Amino acid sequence: MEYTRRSVLTALGLGAVAAATGCSTSSGGSQAAADGPVEGEITLLTPLFEGGTGKQLLEGKLLPAFKQQNPNVTVKVDYTTYTALNEKLTTSLAGGLMPDVVMLGVGWIPPFAHKKVLAPLPDDLAKRYEYEDRVLEPSRFDGKLYALPMVLDTRIVTYRKDLFAEAGIKAPPKDWAELREISKELARRDGSGKLTRVGFDPFSIDLRQCWETFLFANDGNLFDESGQQVKFDDDRGVEALQLFLDVLKDKSADYSFKSAAGQPTTLQQGRSAMMMANNSLWVQLKKENPELLKEDKVGAFILANKVPAMLQGGTLVARSASTKHAAAAQALVEFMGSPDSILPTAEQRGSVPGVQNLRTSEYVKDNGFVKLALDNMSKARSEGGTAAWMEIREKIKTTLETAVVGQRTAKEAIDELATLSKEAISRL
């Protein structure tokens with residue numbers, strides 16, 4: 001299937017830009033088989049190894065090990081960020097310069113595989129290591145394997161055990177009703193009535209991913225199994241968003257109580273008693289507030305309402321369908337998806353390794369949030385599930401935000417998001 005600049009940009013949620021430019025560049029062709037000699041110069045696009053530490057790990061340790069195994073392959077690295085990855089891929093595709101190997105987020109495989117941007121991988125790679133049961137699910141599309149998982153990033157609820165103890169609260173909330181009551185009990189105000197500590201901070205992580213976690217805990221779904229039907233616009237999706245409005249109404253949460261990027265979280269500062277968080281918070285605590293871990297003042301639990309649920313994100317590694325060095329590109333995909341690459345990458349970021357035999361590593365044993373995530377993988381759910389995801393995902397946060405700031409009711413915001421999503425799916 002040939003893809004054009006317009007079709008790719010539409011799939012990535014940038015159709016208006018394509019329409020405005022009026023450009024079209026085709027760069028299709030058949031998907032190269034990964035046979036033949038493992039040789040050539042290939043490019044790797046990655047958002048995973050940011051900063052000096054990440055670059056040192058990739059170029060100082062991992063790629064030299066790959067080179068030793070594959071002496072006739074040269075890897076050129078193109079670094080980006082998760083925020084810029086979508087646009088970077090769009091530009092590459094439009095210019096016919098798709099990287100040979102690319103790292104993508106969970107939920108991204110269906111859109112790119114649907115457009116035949118990615119090449120399927122041999123299915124036996126899924127059995128090469130003991131992957132956690134549901135880890136490979138986001139790597140598949142239309143029954144085929146398109147990527148290998150590198151690291152996982154889950155969304156959990158963290159809390160201050162010391163603040164719970166001060167209030168005489170003996171256990172984390174088991175459902176949303178208890179979450180709301182405990183949040184009210186733990187919120188604090190100064191003499192003028194100004195909120196100084198929120199009982200619950202759901203806003204310091206991405207609003208899209210936070211709402212999805214609540215949707216899944218309410219036993220809801222984003223889409224049906226075909227990816228063609230919207231499922232989040234029922235009561236379960238509305239109730240998930242309404243919970244945010246309820247804690248705001250209770251004055252036990254505040255949208256302005258958000259952790260700025262690169263700054264200590266509200267939980268670390270004592271400005272929240274509970275906070276939705278990424279499992280990587282453990283590494284941040286270890287660096288910035290080791291006393292909180294040493295004194296056992298921070299805990300975590302899996303969000304629950306109708307069912308317990310944990311959002312599973314992460315980074316996957318895939319091969320381009322247009323690479324001229326398919327064997328070399330697939331060799332790099334297999335190398336980056338191996339335990340020897342996954343473990344140091346997870347350690348660097350505080351991420352969750354998705355391979356079962358890494359459960360016994362010292363890293364997992366010493367990281368309470370990662371261990372919690374691995375112990376609850378059966379409760380993990382992922383975003384995405386439709387080939388229109390790249391367009392839809394860009395609209396979720398802004399649409400939900402209209403309800404959080406009081407411009408719409410929860411139902412109105414969900415209905416609007418459903419309409420936008422159905423329109424995106426109809427364009428597939």
# chains A, B, ... in the order shown; residues from 1 in each chain; ligands from 1

$ residues_around --residues "range 64-75 of chain A" --least-positions-apart "6" --cutoff "12 Å" --atoms "only C-alpha atoms" --output "ChimeraX atom specification"
/A:37-45,56-58,99-101,325-338,340-341

$ write_last_selection --atoms "N, CA and C atoms" --output "CSV table (one decimal), in the first residue's frame"
chain,number,residue,atom,x,y,z
A,37,PRO,N,22.8,-10.6,3.9
A,37,PRO,CA,23.8,-10.3,4.8
A,37,PRO,C,23.4,-9.2,5.8
A,38,VAL,N,23.9,-9.4,7.0
A,38,VAL,CA,23.7,-8.4,8.1
A,38,VAL,C,24.8,-7.3,8.0
A,39,GLU,N,24.5,-6.3,7.1
A,39,GLU,CA,25.5,-5.3,6.9
A,39,GLU,C,24.9,-4.0,6.4
A,40,GLY,N,25.7,-3.0,6.4
A,40,GLY,CA,25.2,-1.7,5.9
A,40,GLY,C,25.1,-0.6,7.1
A,41,GLU,N,24.9,0.6,6.7
A,41,GLU,CA,24.7,1.7,7.6
A,41,GLU,C,23.2,1.9,7.8
A,42,ILE,N,22.7,1.9,9.0
A,42,ILE,CA,21.3,2.0,9.3
A,42,ILE,C,21.1,3.2,10.4
A,43,THR,N,19.9,3.7,10.4
A,43,THR,CA,19.6,4.8,11.3
A,43,THR,C,18.6,4.3,12.4
A,44,LEU,N,18.8,4.8,13.6
A,44,LEU,CA,18.0,4.5,14.7
A,44,LEU,C,17.4,5.8,15.2
A,45,LEU,N,16.1,5.9,15.2
A,45,LEU,CA,15.4,7.1,15.8
A,45,LEU,C,14.9,6.7,17.2
A,56,GLN,N,25.4,8.1,26.8
A,56,GLN,CA,26.5,7.3,27.2
A,56,GLN,C,26.2,5.8,27.3
A,57,LEU,N,25.0,5.5,27.8
A,57,LEU,CA,24.5,4.1,27.8
A,57,LEU,C,24.4,3.5,26.4
A,58,LEU,N,23.7,4.3,25.5
A,58,LEU,CA,23.5,3.8,24.2
A,58,LEU,C,24.8,3.7,23.4
A,99,PRO,N,13.5,6.3,9.2
A,99,PRO,CA,14.6,5.6,9.8
A,99,PRO,C,14.5,4.1,9.7
A,100,ASP,N,15.6,3.4,9.7
A,100,ASP,CA,15.6,2.0,9.5
A,100,ASP,C,15.0,1.3,10.7
A,101,VAL,N,15.3,1.8,11.9
A,101,VAL,CA,14.8,1.3,13.2
A,101,VAL,C,14.2,2.5,13.9
A,325,HIS,N,18.4,-2.1,4.3
A,325,HIS,CA,19.2,-3.0,5.0
A,325,HIS,C,18.4,-3.8,6.0
A,326,ALA,N,17.4,-4.5,5.5
A,326,ALA,CA,16.4,-5.2,6.3
A,326,ALA,C,17.1,-6.1,7.4
A,327,ALA,N,18.0,-6.9,6.9
A,327,ALA,CA,18.7,-7.9,7.9
A,327,ALA,C,19.4,-7.1,9.0
A,328,ALA,N,20.1,-6.1,8.7
A,328,ALA,CA,20.8,-5.3,9.7
A,328,ALA,C,19.8,-4.6,10.6
A,329,ALA,N,18.7,-4.1,10.1
A,329,ALA,CA,17.7,-3.4,10.9
A,329,ALA,C,17.0,-4.4,11.8
A,330,GLN,N,16.7,-5.5,11.3
A,330,GLN,CA,16.1,-6.5,12.2
A,330,GLN,C,17.0,-7.0,13.3
A,331,ALA,N,18.3,-7.1,13.0
A,331,ALA,CA,19.3,-7.5,14.0
A,331,ALA,C,19.3,-6.5,15.1
A,332,LEU,N,19.2,-5.2,14.8
A,332,LEU,CA,19.2,-4.2,15.8
A,332,LEU,C,18.0,-4.2,16.6
A,333,VAL,N,16.8,-4.5,16.0
A,333,VAL,CA,15.5,-4.6,16.7
A,333,VAL,C,15.7,-5.8,17.7
A,334,GLU,N,16.2,-6.9,17.3
A,334,GLU,CA,16.3,-8.1,18.2
A,334,GLU,C,17.3,-7.8,19.3
A,335,PHE,N,18.4,-7.1,19.0
A,335,PHE,CA,19.3,-6.8,20.0
A,335,PHE,C,18.7,-5.8,21.1
A,336,MET,N,18.0,-4.8,20.6
A,336,MET,CA,17.5,-3.8,21.6
A,336,MET,C,16.3,-4.4,22.4
A,337,GLY,N,15.7,-5.5,21.9
A,337,GLY,CA,14.6,-6.1,22.6
A,337,GLY,C,15.1,-7.3,23.4
A,338,SER,N,16.4,-7.4,23.6
A,338,SER,CA,16.9,-8.5,24.4
A,338,SER,C,17.1,-8.1,25.9
A,340,ASP,N,19.6,-8.1,27.8
A,340,ASP,CA,20.9,-7.4,28.0
A,340,ASP,C,20.8,-6.0,27.7
A,341,SER,N,19.9,-5.6,26.8
A,341,SER,CA,19.6,-4.2,26.5
A,341,SER,C,18.5,-3.6,27.4

$ residues_around --residues "range 264-273 of chain A" --least-positions-apart "2" --cutoff "8 Å" --atoms "only C-alpha atoms" --output "MDAnalysis selection string"
chainID A and resid 158:160 163:164 183 186:187 196:201 204 257:260 262 275 285 288:289

$ closest_residue --among "A:Leu215, A:Met377, A:Leu145, A:Ala253" --to "Lys127 in chain A" --atoms "only C-alpha atoms"
A:Leu145

$ closest_residue --among "A:Gln228, A:Asp78, A:Ile182, A:Asp190" --to "Asp250 in chain A" --atoms "only C-alpha atoms"
A:Ile182

$ residues_around --residues "Leu207 in chain A" --least-positions-apart "4" --cutoff "8 Å" --atoms "only C-alpha atoms" --output "PyMOL selection string"
chain A and resi 202-203+211+397+400-401

$ write_last_selection --atoms "C-alpha atoms" --output "PDB file, in the first residue's frame"
ATOM      1  CA  PRO A 202      -4.501  13.388  39.575  1.00  0.00           C
ATOM      2  CA  PHE A 203      -3.132  16.209  37.437  1.00  0.00           C
ATOM      3  CA  TRP A 211      -8.365   9.502  32.623  1.00  0.00           C
ATOM      4  CA  LYS A 397      -6.276  15.993  26.716  1.00  0.00           C
ATOM      5  CA  LEU A 400     -11.135  16.531  28.685  1.00  0.00           C
ATOM      6  CA  GLU A 401      -9.555  19.734  29.922  1.00  0.00           C
TER       7      GLU A 401
END

$ closest_residue --among "A:Ser92, A:Thr345, A:Ser361, A:Gln242" --to "Glu412 in chain A" --atoms "only C-alpha atoms"
A:Gln242

$ closest_residue --among "A:Glu394, A:Ala304, A:Pro111, A:Met276" --to "Ile205 in chain A" --atoms "only C-alpha atoms"
A:Met276

$ closest_residue --among "A:Ala403, A:Phe214, A:Val151, A:Asp234" --to "Glu132 in chain A" --atoms "only C-alpha atoms"
A:Val151

$ select_by_dssp --residues "range 51-286 of chain A" --states "strand (DSSP E or B)" --output "ChimeraX atom specification"
/A:73-79,101-105,118,131,140-141,144-145,147-160,188-189,195-198,201,223,230,272,274-278

$ residues_around --residues "Leu179 in chain A" --least-positions-apart "2" --cutoff "10 Å" --atoms "only C-alpha atoms" --output "VMD selection string"
chain A and resid 172 to 177 181 to 185 199 to 200 243 247 274 303 to 305

$ closest_residue --among "A:Ala126, A:Val238, A:Val405, A:Met98" --to "Tyr255 in chain A" --atoms "only C-alpha atoms"
A:Val405

$ select_by_dssp --residues "range 31-278 of chain A" --states "alpha helix (DSSP H)" --output "ChimeraX atom specification"
/A:51-57,63-69,82-94,109-114,161-166,176-186,207-217,235-249,266-269

$ closest_atom_pairs --of "range 141-175 of chain A" --to "range 368-372 of chain A" --cutoff "10 Å" --atoms "only C-alpha atoms" --output "JSON lines"
{"residue": "A:Leu152", "atom": "CA", "partner": "A:Val370", "partner_atom": "CA", "distance": 9.5}
{"residue": "A:Asp153", "atom": "CA", "partner": "A:Val370", "partner_atom": "CA", "distance": 8.9}
{"residue": "A:Thr154", "atom": "CA", "partner": "A:Val370", "partner_atom": "CA", "distance": 8.6}
{"residue": "A:Arg155", "atom": "CA", "partner": "A:Phe369", "partner_atom": "CA", "distance": 10.0}
{"residue": "A:Ile156", "atom": "CA", "partner": "A:Phe369", "partner_atom": "CA", "distance": 8.4}
{"residue": "A:Val157", "atom": "CA", "partner": "A:Phe369", "partner_atom": "CA", "distance": 9.9}
{"residue": "A:Thr158", "atom": "CA", "partner": "A:Phe369", "partner_atom": "CA", "distance": 8.9}

$ write_last_selection --atoms "N, CA and C atoms" --output "short mmCIF file (atom, residue, chain, number, x, y, z; two decimals), in the first residue's frame"
data_model
loop_
_atom_site.label_atom_id
_atom_site.label_comp_id
_atom_site.auth_asym_id
_atom_site.auth_seq_id
_atom_site.Cartn_x
_atom_site.Cartn_y
_atom_site.Cartn_z
N LEU A 152 8.69 -0.72 29.95
CA LEU A 152 7.30 -0.38 30.25
C LEU A 152 7.28 0.76 31.25
N ASP A 153 6.21 1.54 31.19
CA ASP A 153 5.99 2.62 32.15
C ASP A 153 4.54 2.59 32.57
N THR A 154 4.31 2.30 33.83
CA THR A 154 2.94 2.13 34.33
C THR A 154 2.47 3.36 35.10
N ARG A 155 1.15 3.47 35.28
CA ARG A 155 0.58 4.56 36.06
C ARG A 155 -0.07 3.95 37.30
N ILE A 156 0.41 4.38 38.44
CA ILE A 156 -0.02 3.85 39.74
C ILE A 156 -0.38 5.02 40.64
N VAL A 157 -0.97 4.72 41.80
CA VAL A 157 -1.27 5.76 42.78
C VAL A 157 -0.22 5.68 43.88
N THR A 158 0.47 6.78 44.12
CA THR A 158 1.45 6.84 45.20
C THR A 158 0.86 7.65 46.35
#

$ residues_around --residues "Thr81 in chain A" --least-positions-apart "6" --cutoff "9 Å" --atoms "only C-alpha atoms" --output "PyMOL selection string"
chain A and resi 46-50

$ atom_distance --atom1 "CA of Arg319 in chain A" --atom2 "CA of Ala346 in chain A"
21.2 Å
